[in-house]
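To start, the structure under review is shown below, and the notes come after it.
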Amino acid sequence: QVQLVESGGGSVQSGGSLRLSCVASGYTYSKICMGWFRQAPGKEREGVASISSSGSTAYADSVKGRFTISQDNAKTTLYLQMSSLKPEDTAMYYCAADFGGACANYATRLSRYSYHNWGQGTQVTVSS
């Protein structure tokens, strides 16, 4: 049973920074596609960033140049460094993992339907 546990959320003023972490456990597969998603109240869950086992990354246009996704060498901890935060970045942020074809292309990498393992989320609130 794959477990994903996020941390690092909080409240920050516009222009500030936060780093989210996600610890993954309970799997032995060598290939894993991981991503960060977010969901604001009343909105659908949207893809923010994704990283493959090889280290290739993909970002939503809304966060390019401001957010950076990374993982540790053991690929058990996923990070999302968020800078120049805006009020519209306010949302619950979720870590997701998939061992199949989620990292096949840009569209699948940022689609919530591609991932089958999810964390409980960590709240990020950005005030103006």
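For the structure tokens, the naming scheme is as follows: chains receive sequential letters (A, B, ...) according to their order of presentation, residues are indexed from 1 within each chain, and ligands are indexed from 1 in presentation order.
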
Counting only C-alpha atoms, what is within 12 Å of A:Arg109, bar same-chain residues fewer than 3 positions away, as a PyMOL selection string?
chain A and resi 32-37+46-52+56-60+96-106+112-115

Among chain A, which ones does DSSP assign to strand (DSSP E) (computed from the backbone)? Answer as a ChimeraX atom specification.
/A:3-7,10-13,18-25,33-39,46-51,57-59,67-71,77-82,91-98,117-118,122-127

Could you name the residues that touch A:Val2 at 8 Å or less, counting only C-alpha atoms, but leaving out those on the same chain fewer than 2 positions away, as a PDB file with N, CA, C and O atoms, in the first residue's frame?
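File part36.pdb, as written:
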ATOM      1  N   LEU A   4       1.521   8.391   0.899  1.00  0.00           N
ATOM      2  CA  LEU A   4       2.085   9.690   0.560  1.00  0.00           C
ATOM      3  C   LEU A   4       1.682  10.663   1.657  1.00  0.00           C
ATOM      4  O   LEU A   4       0.495  10.824   1.932  1.00  0.00           O
ATOM      5  N   ALA A  24       7.121   9.414   0.383  1.00  0.00           N
ATOM      6  CA  ALA A  24       6.458   8.261  -0.210  1.00  0.00           C
ATOM      7  C   ALA A  24       7.015   6.972   0.388  1.00  0.00           C
ATOM      8  O   ALA A  24       8.230   6.850   0.564  1.00  0.00           O
ATOM      9  N   SER A  25       6.136   6.032   0.688  1.00  0.00           N
ATOM     10  CA  SER A  25       6.572   4.753   1.244  1.00  0.00           C
ATOM     11  C   SER A  25       5.628   3.657   0.808  1.00  0.00           C
ATOM     12  O   SER A  25       4.546   3.922   0.264  1.00  0.00           O
ATOM     13  N   GLY A  26       6.058   2.411   1.026  1.00  0.00           N
ATOM     14  CA  GLY A  26       5.190   1.279   0.751  1.00  0.00           C
ATOM     15  C   GLY A  26       5.218   0.759  -0.668  1.00  0.00           C
ATOM     16  O   GLY A  26       4.307   0.052  -1.095  1.00  0.00           O
ATOM     17  N   TYR A  27       6.263   1.088  -1.436  1.00  0.00           N
ATOM     18  CA  TYR A  27       6.364   0.568  -2.791  1.00  0.00           C
ATOM     19  C   TYR A  27       7.806   0.176  -3.076  1.00  0.00           C
ATOM     20  O   TYR A  27       8.735   0.634  -2.432  1.00  0.00           O
ATOM     21  N   ASN A 117      -2.551   7.165  -6.726  1.00  0.00           N
ATOM     22  CA  ASN A 117      -2.152   7.215  -5.322  1.00  0.00           C
ATOM     23  C   ASN A 117      -2.041   8.680  -4.902  1.00  0.00           C
ATOM     24  O   ASN A 117      -1.353   9.465  -5.570  1.00  0.00           O
TER      25      ASN A 117
END

Let's see if you can do this: from backbone DSSP, list all alpha helix (DSSP H) residues in stretch 2-125 of chain A, as a list in words.
Tyr106, Ala107, Thr108 and Arg109 of chain A

File of the preceding selection, N, CA and C atoms, as an mmCIF file, in the first residue's frame:
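The resulting again05.cif:
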data_model
loop_
_atom_site.group_PDB
_atom_site.id
_atom_site.type_symbol
_atom_site.label_atom_id
_atom_site.label_comp_id
_atom_site.auth_asym_id
_atom_site.auth_seq_id
_atom_site.Cartn_x
_atom_site.Cartn_y
_atom_site.Cartn_z
ATOM 1 N N TYR A 106 3.046 15.300 -21.716
ATOM 2 C CA TYR A 106 2.725 16.480 -20.912
ATOM 3 C C TYR A 106 1.284 16.429 -20.413
ATOM 4 N N ALA A 107 0.371 16.038 -21.276
ATOM 5 C CA ALA A 107 -1.049 16.045 -20.901
ATOM 6 C C ALA A 107 -1.332 15.069 -19.778
ATOM 7 N N THR A 108 -0.770 13.874 -19.871
ATOM 8 C CA THR A 108 -1.035 12.870 -18.842
ATOM 9 C C THR A 108 -0.327 13.238 -17.541
ATOM 10 N N ARG A 109 0.803 13.886 -17.628
ATOM 11 C CA ARG A 109 1.563 14.194 -16.429
ATOM 12 C C ARG A 109 0.848 15.195 -15.527
#

By how many Å are atom CA of A:Gly42 and atom CA of A:Asp61 apart?
20.7 Å

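With atom CA of A:Ser30 on one side and atom CA of A:Thr68 on the other, the separation reads 22.5 Å.
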
Residue with the minimum atom-to-atom distance to A:Ser70, picked from A:Ser111, A:Gln1, A:Thr90, A:Ser21 with only C-alpha atoms counted, is A:Ser21

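For A:Ser127, the non-local neighbours within 6 Å, defined as residues at least 5 positions apart in the same chain or in other chains and counting only C-alpha atoms, are Gln13, Ser14 and Pro87 of chain A.
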
Determine, counting only C-alpha atoms, which protein, DNA and RNA residues have an atom within 10 Å of an atom of A:Gly10; residues of the same chain fewer than 6 positions away are not included. Present the result as a compact mmCIF listing (two decimals) with C-alpha atoms, in the first residue's frame.
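Resulting contents of result-v1.txt:
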# COMPACT_ATOMS: atom_id res chain seq x y z
CA LEU A 18 7.15 27.93 0.80
CA ARG A 19 8.58 24.47 0.28
CA LEU A 20 6.27 21.49 0.31
CA THR A 90 -4.11 29.52 -2.39
CA THR A 122 -1.45 20.35 2.84
CA GLN A 123 -3.04 23.78 2.85
CA VAL A 124 -1.30 26.78 1.32
CA THR A 125 -2.79 30.22 1.92
CA VAL A 126 -1.35 33.35 0.30

Using only C-alpha atoms, which of the listed residues (A:Gln81, A:Pro41, A:Tyr93, A:Leu110) sits closest to A:Ser17?
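Going through A:Gln81, A:Pro41, A:Tyr93, A:Leu110 one by one, the smallest distance to A:Ser17 is for A:Gln81.
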
Name all residues at most 12 Å from A:Asn73 (count only C-alpha atoms; drop same-chain ones fewer than 6 positions away) and give them as a list in words.
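Neighbouring residues, sequence-local ones excluded: Ser30, Ser53, Ser54, Gly55 and Tyr79 of chain A.
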